[in-house]
file start.csv (CSV, C-alpha atoms and all ligand atoms)
chain,number,residue,atom,x,y,z
A,1,MET,CA,132.7,78.2,71.0
A,2,THR,CA,132.6,74.5,71.7
A,3,ASN,CA,129.2,73.9,70.2
A,4,SER,CA,128.8,73.8,66.4
A,5,PRO,CA,126.0,76.0,65.3
A,6,ALA,CA,123.8,73.0,64.6
A,7,GLN,CA,123.7,72.1,68.3
A,8,VAL,CA,123.0,75.4,69.9
A,9,PHE,CA,119.2,74.7,69.9
A,10,ALA,CA,119.2,70.9,70.3
A,11,GLY,CA,116.2,69.9,72.3
A,12,LYS,CA,114.6,73.4,72.0
A,13,LYS,CA,111.1,73.6,70.7
A,14,GLY,CA,109.8,76.5,68.5
A,15,LEU,CA,106.3,77.4,67.2
A,16,ILE,CA,106.6,79.3,63.9
A,17,THR,CA,103.4,80.9,62.6
A,18,GLY,CA,102.9,82.8,59.4
A,19,ILE,CA,104.5,80.6,56.7
A,20,ALA,CA,102.6,81.1,53.4
A,21,ASN,CA,105.3,80.1,51.0
A,22,ASP,CA,109.1,79.9,50.7
A,23,GLN,CA,109.3,83.7,50.5
A,24,SER,CA,107.7,84.2,53.9
A,25,ILE,CA,109.7,85.8,56.6
A,26,ALA,CA,108.4,83.0,58.9
A,27,TYR,CA,110.0,80.4,56.6
A,28,GLY,CA,113.3,82.2,57.0
A,29,CYS,CA,112.9,82.0,60.7
A,30,ALA,CA,111.9,78.4,60.7
A,31,LYS,CA,114.8,77.5,58.5
A,32,ALA,CA,117.3,79.4,60.7
A,33,PHE,CA,116.0,77.8,63.9
A,34,ARG,CA,116.0,74.3,62.3
A,35,THR,CA,119.6,74.9,61.1
A,36,VAL,CA,120.7,75.5,64.7
A,37,GLY,CA,118.9,72.4,65.9
A,38,ALA,CA,115.4,73.4,67.1
A,39,ASP,CA,112.4,71.1,66.7
A,40,LEU,CA,109.5,73.0,65.0
A,41,ALA,CA,105.8,73.3,65.0
A,42,VAL,CA,104.5,75.0,61.8
A,43,THR,CA,101.1,76.3,61.0
A,44,TRP,CA,99.2,77.1,57.8
A,45,LEU,CA,96.3,79.5,57.5
A,46,ASN,CA,93.7,77.2,55.9
A,47,ASP,CA,93.1,74.5,53.3
A,48,LYS,CA,94.0,76.8,50.5
A,49,ALA,CA,97.4,77.5,52.1
A,50,ARG,CA,98.1,74.0,53.2
A,51,PRO,CA,99.5,72.6,49.9
A,52,HIS,CA,102.0,75.4,49.8
A,53,VAL,CA,103.1,75.1,53.4
A,54,GLU,CA,103.0,71.3,54.0
A,55,PRO,CA,106.0,70.5,51.7
A,56,LEU,CA,108.0,73.2,53.5
A,57,ALA,CA,107.0,71.8,56.9
A,58,GLN,CA,108.2,68.4,55.7
A,59,GLU,CA,111.5,69.8,54.5
A,60,LEU,CA,111.9,71.4,58.0
A,61,GLN,CA,111.1,68.0,59.6
A,62,ALA,CA,108.4,69.8,61.7
A,63,ASP,CA,107.1,67.6,64.6
A,64,ILE,CA,103.8,69.4,64.6
A,65,THR,CA,101.8,70.8,61.6
A,66,MET,CA,98.4,72.3,62.1
A,67,PRO,CA,96.0,74.8,60.7
A,68,LEU,CA,95.9,78.2,62.4
A,69,ASP,CA,93.6,81.1,61.6
A,70,VAL,CA,93.9,83.4,64.6
A,71,ALA,CA,90.5,84.8,63.7
A,72,VAL,CA,88.8,81.4,64.1
A,73,PRO,CA,87.9,80.8,67.8
A,74,GLY,CA,89.6,77.7,69.2
A,75,GLN,CA,92.3,77.2,66.6
A,76,LEU,CA,95.0,78.9,68.6
A,77,GLU,CA,94.0,76.9,71.7
A,78,ALA,CA,94.2,73.7,69.7
A,79,VAL,CA,97.7,74.4,68.5
A,80,PHE,CA,98.9,75.0,72.1
A,81,LYS,CA,97.0,71.9,73.3
A,82,GLU,CA,99.0,69.8,70.8
A,83,ILE,CA,102.3,71.5,71.8
A,84,ALA,CA,101.5,70.8,75.5
A,85,GLY,CA,100.7,67.2,74.7
A,86,ARG,CA,103.6,66.4,72.4
A,87,TRP,CA,106.4,68.5,73.8
A,88,GLY,CA,105.2,69.6,77.3
A,89,LYS,CA,107.1,72.8,76.8
A,90,LEU,CA,108.0,75.6,74.4
A,91,ASP,CA,111.2,77.7,74.1
A,92,ILE,CA,110.6,79.9,71.0
A,93,LEU,CA,107.5,81.6,69.6
A,94,VAL,CA,107.5,83.4,66.2
A,95,HIS,CA,104.4,85.6,65.3
A,96,SER,CA,104.8,86.5,61.6
A,97,ILE,CA,101.2,87.3,60.8
A,98,ALA,CA,99.6,90.5,59.4
A,99,PHE,CA,96.4,91.3,57.7
A,100,ALA,CA,94.3,94.3,56.7
A,101,PRO,CA,91.3,94.3,54.4
A,102,ARG,CA,92.5,95.5,51.0
A,103,ALA,CA,90.2,98.6,50.8
A,104,ASP,CA,91.3,99.8,54.2
A,105,LEU,CA,95.0,99.0,53.5
A,106,GLN,CA,95.0,100.8,50.1
A,107,GLY,CA,93.0,103.8,51.1
A,108,GLY,CA,94.6,106.5,53.3
A,109,LEU,CA,94.2,106.3,57.1
A,110,LEU,CA,91.5,109.0,57.0
A,111,ASP,CA,89.3,106.6,55.1
A,112,CYS,CA,90.0,103.5,57.1
A,113,SER,CA,86.8,101.9,58.4
A,114,ALA,CA,86.3,101.0,62.1
A,115,GLU,CA,85.7,97.5,61.0
A,116,GLY,CA,88.9,97.3,58.9
A,117,PHE,CA,90.9,98.9,61.6
A,118,ALA,CA,89.6,96.5,64.2
A,119,LYS,CA,90.3,93.5,61.9
A,120,ALA,CA,93.8,94.6,61.1
A,121,MET,CA,94.5,95.2,64.8
A,122,ASP,CA,93.0,91.9,65.9
A,123,VAL,CA,94.8,89.7,63.4
A,124,SER,CA,98.1,91.6,63.3
A,125,CYS,CA,98.5,92.6,66.9
A,126,HIS,CA,96.1,91.3,69.5
A,127,SER,CA,96.7,87.7,68.3
A,128,PHE,CA,100.2,88.1,69.5
A,129,ILE,CA,98.9,88.8,73.0
A,130,ARG,CA,96.7,85.7,72.8
A,131,MET,CA,99.6,83.6,71.6
A,132,ALA,CA,101.9,84.9,74.4
A,133,ARG,CA,99.2,84.1,77.0
A,134,LEU,CA,99.1,80.5,75.9
A,135,ALA,CA,102.8,80.2,75.3
A,136,ALA,CA,104.1,81.6,78.6
A,137,PRO,CA,103.0,78.7,80.8
A,138,LEU,CA,104.8,76.3,78.5
A,139,MET,CA,108.0,78.4,78.7
A,140,LYS,CA,109.0,76.8,82.0
A,141,ASP,CA,112.7,77.4,81.6
A,142,GLY,CA,112.2,80.8,80.1
A,143,GLY,CA,111.9,81.5,76.4
A,144,THR,CA,111.9,84.0,73.6
A,145,MET,CA,109.0,85.5,71.7
A,146,PHE,CA,109.1,87.4,68.4
A,147,ALA,CA,106.7,89.6,66.5
A,148,MET,CA,107.4,91.2,63.1
A,149,SER,CA,107.1,94.9,62.9
A,150,TYR,CA,108.1,97.5,60.3
A,151,TYR,CA,109.7,101.0,60.1
A,152,GLY,CA,106.3,102.4,59.3
A,153,ALA,CA,105.5,102.0,63.0
A,154,ASN,CA,107.6,105.0,63.9
A,155,ARG,CA,107.9,107.1,60.8
A,156,VAL,CA,105.4,107.7,58.1
A,157,VAL,CA,106.0,105.4,55.1
A,158,PRO,CA,103.8,106.4,52.2
A,159,ASN,CA,101.2,103.7,51.4
A,160,TYR,CA,101.7,101.8,54.7
A,161,ASN,CA,98.5,103.5,55.9
A,162,VAL,CA,96.6,101.6,58.6
A,163,MET,CA,99.5,99.2,59.2
A,164,GLY,CA,101.5,102.1,60.6
A,165,PRO,CA,99.3,102.5,63.7
A,166,VAL,CA,98.9,98.7,63.9
A,167,LYS,CA,102.7,98.1,64.0
A,168,ALA,CA,103.1,100.9,66.5
A,169,ALA,CA,100.7,99.1,68.8
A,170,LEU,CA,102.5,95.8,68.1
A,171,GLU,CA,105.9,97.4,69.2
A,172,ALA,CA,104.2,98.7,72.4
A,173,VAL,CA,102.7,95.3,73.0
A,174,CYS,CA,106.2,93.8,72.8
A,175,ARG,CA,107.5,96.3,75.4
A,176,TYR,CA,104.6,95.6,77.8
A,177,LEU,CA,104.8,91.9,77.4
A,178,ALA,CA,108.5,92.0,78.0
A,179,PHE,CA,107.8,93.9,81.2
A,180,GLU,CA,105.2,91.4,82.4
A,181,LEU,CA,107.1,88.3,81.3
A,182,GLY,CA,110.6,89.3,82.2
A,183,PRO,CA,110.3,88.0,85.8
A,184,ARG,CA,109.5,84.6,84.3
A,185,GLY,CA,112.7,84.6,82.2
A,186,ILE,CA,110.8,85.2,79.0
A,187,ARG,CA,112.1,87.8,76.5
A,188,VAL,CA,110.0,89.5,73.9
A,189,HIS,CA,111.3,91.2,70.7
A,190,ALA,CA,109.8,93.2,68.0
A,191,ILE,CA,111.8,92.5,64.9
A,192,SER,CA,111.7,95.2,62.2
A,193,PRO,CA,112.9,93.8,58.9
A,194,GLY,CA,113.6,96.0,55.8
A,195,PRO,CA,111.2,95.5,53.0
A,196,LEU,CA,111.1,92.0,51.5
A,197,LYS,CA,109.2,90.9,48.4
A,198,THR,CA,106.5,88.6,50.0
A,199,ARG,CA,102.8,88.0,49.5
A,200,ALA,CA,101.8,90.3,52.3
A,201,ALA,CA,104.0,93.1,50.8
A,202,SER,CA,102.3,92.7,47.4
A,203,GLY,CA,99.2,94.2,49.0
A,204,LEU,CA,101.0,97.5,49.4
A,205,LYS,CA,100.8,100.2,46.7
A,206,ASP,CA,104.1,101.1,45.0
A,207,PHE,CA,106.1,98.5,47.0
A,208,GLU,CA,108.9,98.5,44.4
A,209,LEU,CA,109.6,102.1,45.3
A,210,LEU,CA,110.0,101.0,48.9
A,211,LEU,CA,112.5,98.3,47.9
A,212,ASN,CA,114.5,100.8,45.9
A,213,GLU,CA,114.5,103.4,48.6
A,214,ALA,CA,115.6,100.8,51.2
A,215,ALA,CA,118.5,99.6,49.1
A,216,ARG,CA,119.6,103.2,48.4
A,217,LYS,CA,119.5,104.2,52.1
A,218,ALA,CA,121.0,101.1,53.8
A,219,PRO,CA,124.6,101.8,54.9
A,220,LEU,CA,125.2,98.1,54.3
A,221,GLY,CA,124.1,98.7,50.7
A,222,GLU,CA,121.8,95.7,50.1
A,223,LEU,CA,118.3,94.6,50.7
A,224,VAL,CA,117.9,92.0,53.5
A,225,ASP,CA,116.6,88.5,52.8
A,226,ILE,CA,114.5,86.2,55.0
A,227,MET,CA,117.5,84.3,56.3
A,228,ASP,CA,119.0,87.5,57.6
A,229,VAL,CA,115.8,87.9,59.7
A,230,GLY,CA,115.8,84.3,60.7
A,231,PHE,CA,119.3,84.2,62.0
A,232,ALA,CA,118.9,87.5,63.8
A,233,CYS,CA,116.0,85.9,65.7
A,234,ALA,CA,118.0,82.8,66.3
A,235,TYR,CA,120.8,84.9,67.8
A,236,LEU,CA,118.3,86.7,70.1
A,237,ALA,CA,117.0,83.4,71.3
A,238,THR,CA,120.4,82.2,72.4
A,239,PRO,CA,121.9,82.6,75.9
A,240,PHE,CA,124.3,85.1,74.3
A,241,ALA,CA,121.4,87.6,74.1
A,242,HIS,CA,119.9,86.8,77.5
A,243,ARG,CA,119.9,90.4,78.7
A,244,ILE,CA,118.2,91.8,75.7
A,245,THR,CA,114.4,92.2,75.7
A,246,GLY,CA,111.5,94.5,74.9
A,247,GLY,CA,113.1,96.6,72.2
A,248,THR,CA,112.6,96.8,68.4
A,249,VAL,CA,115.5,95.1,66.6
A,250,TYR,CA,116.0,96.4,63.1
A,251,VAL,CA,117.2,93.9,60.5
A,252,ASP,CA,117.4,96.4,57.6
A,253,GLY,CA,121.1,96.9,56.7
A,254,GLY,CA,121.0,100.1,58.9
A,255,ALA,CA,118.4,101.9,56.7
A,256,ASN,CA,116.5,103.1,59.7
A,257,ILE,CA,119.4,105.4,60.9
A,258,VAL,CA,119.5,107.3,57.7
A,259,ALA,CA,117.3,110.4,57.1
B,301,LIG,N1,107.6,91.8,53.6
B,301,LIG,C1,108.0,92.9,54.2
B,301,LIG,O1,108.5,93.8,53.6
B,301,LIG,C2,107.8,93.1,55.7
B,301,LIG,C3,108.6,94.0,56.4
B,301,LIG,C4,108.5,94.2,57.7
B,301,LIG,C5,107.6,93.4,58.4
B,301,LIG,N2,106.8,92.5,57.8
B,301,LIG,C6,105.9,91.6,58.6
B,301,LIG,O2,106.3,90.3,58.5
B,301,LIG,C7,105.2,89.5,58.8
B,301,LIG,C8,105.2,88.4,57.8
B,301,LIG,O3,104.8,88.8,56.5
B,301,LIG,P1,105.6,88.4,55.2
B,301,LIG,O4,106.1,89.6,54.6
B,301,LIG,O5,106.5,87.3,55.5
B,301,LIG,O6,104.4,88.0,54.2
B,301,LIG,P2,103.6,86.6,54.1
B,301,LIG,O7,102.4,86.9,53.2
B,301,LIG,O8,104.5,85.5,53.6
B,301,LIG,O9,103.2,86.2,55.6
B,301,LIG,C9,102.0,86.8,56.2
B,301,LIG,C10,101.4,85.6,56.9
B,301,LIG,O10,100.3,86.1,57.7
B,301,LIG,C11,99.3,85.0,57.7
B,301,LIG,N3,98.0,85.4,58.2
B,301,LIG,C12,97.2,86.4,57.6
B,301,LIG,N4,96.0,86.4,58.3
B,301,LIG,C13,96.1,85.4,59.2
B,301,LIG,C14,95.2,84.8,60.2
B,301,LIG,N5,94.0,85.3,60.3
B,301,LIG,N6,95.6,83.8,61.0
B,301,LIG,C15,96.8,83.3,60.8
B,301,LIG,N7,97.7,83.7,59.9
B,301,LIG,C16,97.4,84.7,59.1
B,301,LIG,C17,99.3,84.5,56.2
B,301,LIG,O11,98.8,83.2,56.2
B,301,LIG,C18,100.8,84.5,55.9
B,301,LIG,O12,101.4,83.3,56.2
B,301,LIG,C19,104.0,90.4,58.8
B,301,LIG,O13,103.7,90.7,60.2
B,301,LIG,C20,104.5,91.6,58.1
B,301,LIG,O14,103.8,92.8,58.4
B,301,LIG,C21,106.9,92.3,56.4

call {"tool": "encode", "arguments": {"input": "start.csv", "output": "structure tokens", "more": "lines below"}}
Ligand SMILES: NC(=O)c1ccc[n+]([C@@H]2O[C@H](COP(=O)([O-])OP(=O)(O)OC[C@H]3O[C@@H](n4cnc5c(N)ncnc54)[C@H](O)[C@@H]3O)[C@@H](O)[C@H]2O)c1
result
Amino acid sequence: MTNSPAQVFAGKKGLITGIANDQSIAYGCAKAFRTVGADLAVTWLNDKARPHVEPLAQELQADITMPLDVAVPGQLEAVFKEIAGRWGKLDILVHSIAFAPRADLQGGLLDCSAEGFAKAMDVSCHSFIRMARLAAPLMKDGGTMFAMSYYGANRVVPNYNVMGPVKAALEAVCRYLAFELGPRGIRVHAISPGPLKTRAASGLKDFELLLNEAARKAPLGELVDIMDVGFACAYLATPFAHRITGGTVYVDGGANIVA
């Protein structure tokens, strides 16, 4: 390798959505992409989240910082308008966003309301399609898109409830987008991290049990951290991974292979 890691992404532009705090998976992704030289756009959910995210955006020397609630009409379009105006292109897109109403998340799937199901699916899954539609025209030299999934997409994980079907849909969305965008040199990955103690995870019942189980099962013997996820994404966005697309990439110490 002639390039130092810091130069691999020099001049590359990445939009990172889903940073809530310094424990967010999106923050690990942002840090990893910045470490290898990418310029970043970072979003926060709303005014309440902004004071937690803005210092992180500053630390990451983000060129663009903006609010983004994918459920608010026009906000996603505004982010991409800013990116088009400031950068004129995009190379990397990270969707690290999930939401389900608490009552629907904490009850069993049988009791999930139509409204709660639709909300979870819209924020956690369809928003990735909307993002991809806006990002693709800016990925003029190709690009890489990521969405965060979880093992509960394919196997029943107790207490994951409505998010299981939502993540299954998200993984299917990644496959179909990879198919549609492949001819334009755009690759799409579902990333499936092992459990991480984040704010989103705190909404799941008995999350500690999941952490213990993951550590026990993982052949590599340890829980993953957000930088493991970030650097896996960074690798997948390099030319070294330019023939990989559409699949679900597990970053879980191998836990998914163990019964
Ligand atoms: N923590 C885990 O164990 C784990 C494991 C696998 C996958 N994931 C997935 O990783 C992703 C990131 O979650 P995390 O664990 O880092 O937690 P997190 O709470 O740090 O991040 C979730 C993010 O979603 C954002 N969000 C929620 N509703 C939104 C909306 N309407 N518009 C825009 N943003 C919105 C929140 O602001 C927050 O930044 C999620 O898709 C989650 O399902 C998490």

call {"tool": "closest_residue", "arguments": {"input": "start.csv", "among": "A:Cys112, A:Ala218, A:Leu210, A:Ala41", "to": "Val258 in chain A", "atoms": "only C-alpha atoms"}}
result
A:Ala218

call {"tool": "closest_atom_pairs", "arguments": {"input": "start.csv", "of": "chain A", "to": "ligand LIG 301 (chain B)", "cutoff": "8 Å", "atoms": "only C-alpha atoms and all ligand atoms", "output": "CSV"}}
result
residue,atom,partner,partner_atom,distance
A:Thr17,CA,B:LIG301,N7,6.9
A:Gly18,CA,B:LIG301,O12,3.6
A:Ile19,CA,B:LIG301,O12,4.1
A:Ala20,CA,B:LIG301,O12,3.8
A:Asn21,CA,B:LIG301,O8,6.0
A:Asp22,CA,B:LIG301,O8,7.8
A:Gln23,CA,B:LIG301,O8,6.0
A:Ser24,CA,B:LIG301,O8,3.5
A:Ile25,CA,B:LIG301,O5,3.7
A:Ala26,CA,B:LIG301,O5,5.8
A:Tyr27,CA,B:LIG301,O5,7.8
A:Trp44,CA,B:LIG301,O11,6.3
A:Leu45,CA,B:LIG301,O11,4.7
A:Asn46,CA,B:LIG301,O11,7.9
A:Ala49,CA,B:LIG301,O11,7.2
A:Leu68,CA,B:LIG301,C15,5.4
A:Asp69,CA,B:LIG301,N6,3.4
A:Val70,CA,B:LIG301,N6,4.0
A:Ala71,CA,B:LIG301,N5,4.9
A:Val72,CA,B:LIG301,N5,7.5
A:His95,CA,B:LIG301,O13,7.2
A:Ser96,CA,B:LIG301,C7,4.1
A:Ile97,CA,B:LIG301,O10,3.4
A:Ala98,CA,B:LIG301,O13,4.2
A:Phe99,CA,B:LIG301,N4,5.0
A:Val123,CA,B:LIG301,N5,5.4
A:Ser124,CA,B:LIG301,O13,6.5
A:Ala147,CA,B:LIG301,O13,7.1
A:Met148,CA,B:LIG301,O13,4.7
A:Ser149,CA,B:LIG301,C5,4.8
A:Tyr150,CA,B:LIG301,C4,4.2
A:Tyr151,CA,B:LIG301,C4,7.3
A:Met163,CA,B:LIG301,O14,7.8
A:Lys167,CA,B:LIG301,O14,7.8
A:Ile191,CA,B:LIG301,C5,7.8
A:Ser192,CA,B:LIG301,C4,5.6
A:Pro193,CA,B:LIG301,C4,4.6
A:Gly194,CA,B:LIG301,C3,5.4
A:Pro195,CA,B:LIG301,O1,3.2
A:Leu196,CA,B:LIG301,O1,3.8
A:Lys197,CA,B:LIG301,N1,5.5
A:Thr198,CA,B:LIG301,O4,4.7
A:Arg199,CA,B:LIG301,O7,3.9
A:Ala200,CA,B:LIG301,O7,3.6
A:Ala201,CA,B:LIG301,N1,4.7

call {"tool": "atom_distance", "arguments": {"input": "start.csv", "atom1": "CA of Cys125 in chain A", "atom2": "CA of Leu177 in chain A"}}
result
12.3 Å

call {"tool": "closest_residue", "arguments": {"input": "start.csv", "among": "A:Lys205, A:His126, A:Lys217, A:Lys48", "to": "Tyr160 in chain A", "atoms": "all atoms listed in the file"}}
result
A:Lys205

call {"tool": "atom_distance", "arguments": {"input": "start.csv", "atom1": "CA of Ala118 in chain A", "atom2": "CA of Asn161 in chain A"}}
result
14.0 Å

call {"tool": "closest_residue", "arguments": {"input": "start.csv", "among": "A:Gly108, A:Gly247, A:Gly221, A:Pro239", "to": "Ala178 in chain A", "atoms": "only C-alpha atoms"}}
result
A:Gly247

call {"tool": "closest_residue", "arguments": {"input": "start.csv", "among": "A:Gly14, A:Gly254, A:Pro73, A:Gly28", "to": "Asp91 in chain A", "atoms": "all atoms listed in the file"}}
result
A:Gly14

call {"tool": "closest_residue", "arguments": {"input": "start.csv", "among": "A:Gly143, A:Gly74, A:Gly107, A:Pro137", "to": "Phe9 in chain A", "atoms": "all atoms listed in the file"}}
result
A:Gly143

call {"tool": "atom_distance", "arguments": {"input": "start.csv", "atom1": "CA of Phe231 in chain A", "atom2": "CA of Met131 in chain A"}}
result
21.9 Å

call {"tool": "residues_around", "arguments": {"input": "start.csv", "residues": "Arg243 in chain A", "least_positions_apart": "5", "cutoff": "12 Å", "atoms": "all atoms listed in the file", "output": "PyMOL selection string"}}
result
chain A and resi 144+178+182+185-189+236-238

call {"tool": "write_last_selection", "arguments": {"input": "start.csv", "atoms": "C-alpha atoms", "output": "PDB file, in the coordinates of the input"}}
result
ATOM      1  CA  THR A 144     111.900  84.000  73.600  1.00  0.00           C
ATOM      2  CA  ALA A 178     108.500  92.000  78.000  1.00  0.00           C
ATOM      3  CA  GLY A 182     110.600  89.300  82.200  1.00  0.00           C
ATOM      4  CA  GLY A 185     112.700  84.600  82.200  1.00  0.00           C
ATOM      5  CA  ILE A 186     110.800  85.200  79.000  1.00  0.00           C
ATOM      6  CA  ARG A 187     112.100  87.800  76.500  1.00  0.00           C
ATOM      7  CA  VAL A 188     110.000  89.500  73.900  1.00  0.00           C
ATOM      8  CA  HIS A 189     111.300  91.200  70.700  1.00  0.00           C
ATOM      9  CA  LEU A 236     118.300  86.700  70.100  1.00  0.00           C
ATOM     10  CA  ALA A 237     117.000  83.400  71.300  1.00  0.00           C
ATOM     11  CA  THR A 238     120.400  82.200  72.400  1.00  0.00           C
TER      12      THR A 238
END

call {"tool": "residues_around", "arguments": {"input": "start.csv", "residues": "Gly164 in chain A", "least_positions_apart": "2", "cutoff": "10 Å", "atoms": "only C-alpha atoms", "output": "VMD selection string"}}
result
chain A and resid 109 149 to 162 166 to 170

call {"tool": "write_last_selection", "arguments": {"input": "start.csv", "atoms": "C-alpha atoms", "output": "PDB file, in the coordinates of the input"}}
result
ATOM      1  CA  LEU A 109      94.200 106.300  57.100  1.00  0.00           C
ATOM      2  CA  SER A 149     107.100  94.900  62.900  1.00  0.00           C
ATOM      3  CA  TYR A 150     108.100  97.500  60.300  1.00  0.00           C
ATOM      4  CA  TYR A 151     109.700 101.000  60.100  1.00  0.00           C
ATOM      5  CA  GLY A 152     106.300 102.400  59.300  1.00  0.00           C
ATOM      6  CA  ALA A 153     105.500 102.000  63.000  1.00  0.00           C
ATOM      7  CA  ASN A 154     107.600 105.000  63.900  1.00  0.00           C
ATOM      8  CA  ARG A 155     107.900 107.100  60.800  1.00  0.00           C
ATOM      9  CA  VAL A 156     105.400 107.700  58.100  1.00  0.00           C
ATOM     10  CA  VAL A 157     106.000 105.400  55.100  1.00  0.00           C
ATOM     11  CA  PRO A 158     103.800 106.400  52.200  1.00  0.00           C
ATOM     12  CA  ASN A 159     101.200 103.700  51.400  1.00  0.00           C
ATOM     13  CA  TYR A 160     101.700 101.800  54.700  1.00  0.00           C
ATOM     14  CA  ASN A 161      98.500 103.500  55.900  1.00  0.00           C
ATOM     15  CA  VAL A 162      96.600 101.600  58.600  1.00  0.00           C
ATOM     16  CA  VAL A 166      98.900  98.700  63.900  1.00  0.00           C
ATOM     17  CA  LYS A 167     102.700  98.100  64.000  1.00  0.00           C
ATOM     18  CA  ALA A 168     103.100 100.900  66.500  1.00  0.00           C
ATOM     19  CA  ALA A 169     100.700  99.100  68.800  1.00  0.00           C
ATOM     20  CA  LEU A 170     102.500  95.800  68.100  1.00  0.00           C
TER      21      LEU A 170
END

call {"tool": "residues_near_point", "arguments": {"input": "start.csv", "point": "(120.0, 92.7, 67.2)", "cutoff": "8 Å", "atoms": "only C-alpha atoms", "output": "short mmCIF file (atom, residue, chain, number, x, y, z; two decimals) with C-alpha atoms, keeping the file's coordinate frame"}}
result
data_model
loop_
_atom_site.label_atom_id
_atom_site.label_comp_id
_atom_site.auth_asym_id
_atom_site.auth_seq_id
_atom_site.Cartn_x
_atom_site.Cartn_y
_atom_site.Cartn_z
CA ALA A 232 118.90 87.50 63.80
CA TYR A 235 120.80 84.90 67.80
CA LEU A 236 118.30 86.70 70.10
CA VAL A 249 115.50 95.10 66.60
CA TYR A 250 116.00 96.40 63.10
CA VAL A 251 117.20 93.90 60.50
#

call {"tool": "closest_residue", "arguments": {"input": "start.csv", "among": "A:Leu15, A:Ala120, A:Met227, A:Met145", "to": "Ala84 in chain A", "atoms": "all atoms listed in the file"}}
result
A:Leu15

call {"tool": "residues_around", "arguments": {"input": "start.csv", "residues": "Leu40 in chain A", "least_positions_apart": "2", "cutoff": "8 Å", "atoms": "all atoms listed in the file", "output": "list of chain:residue names"}}
result
A:Lys13, A:Gly14, A:Leu15, A:Ile16, A:Ala30, A:Arg34, A:Ala38, A:Val42, A:Leu60, A:Gln61, A:Ala62, A:Asp63, A:Ile64
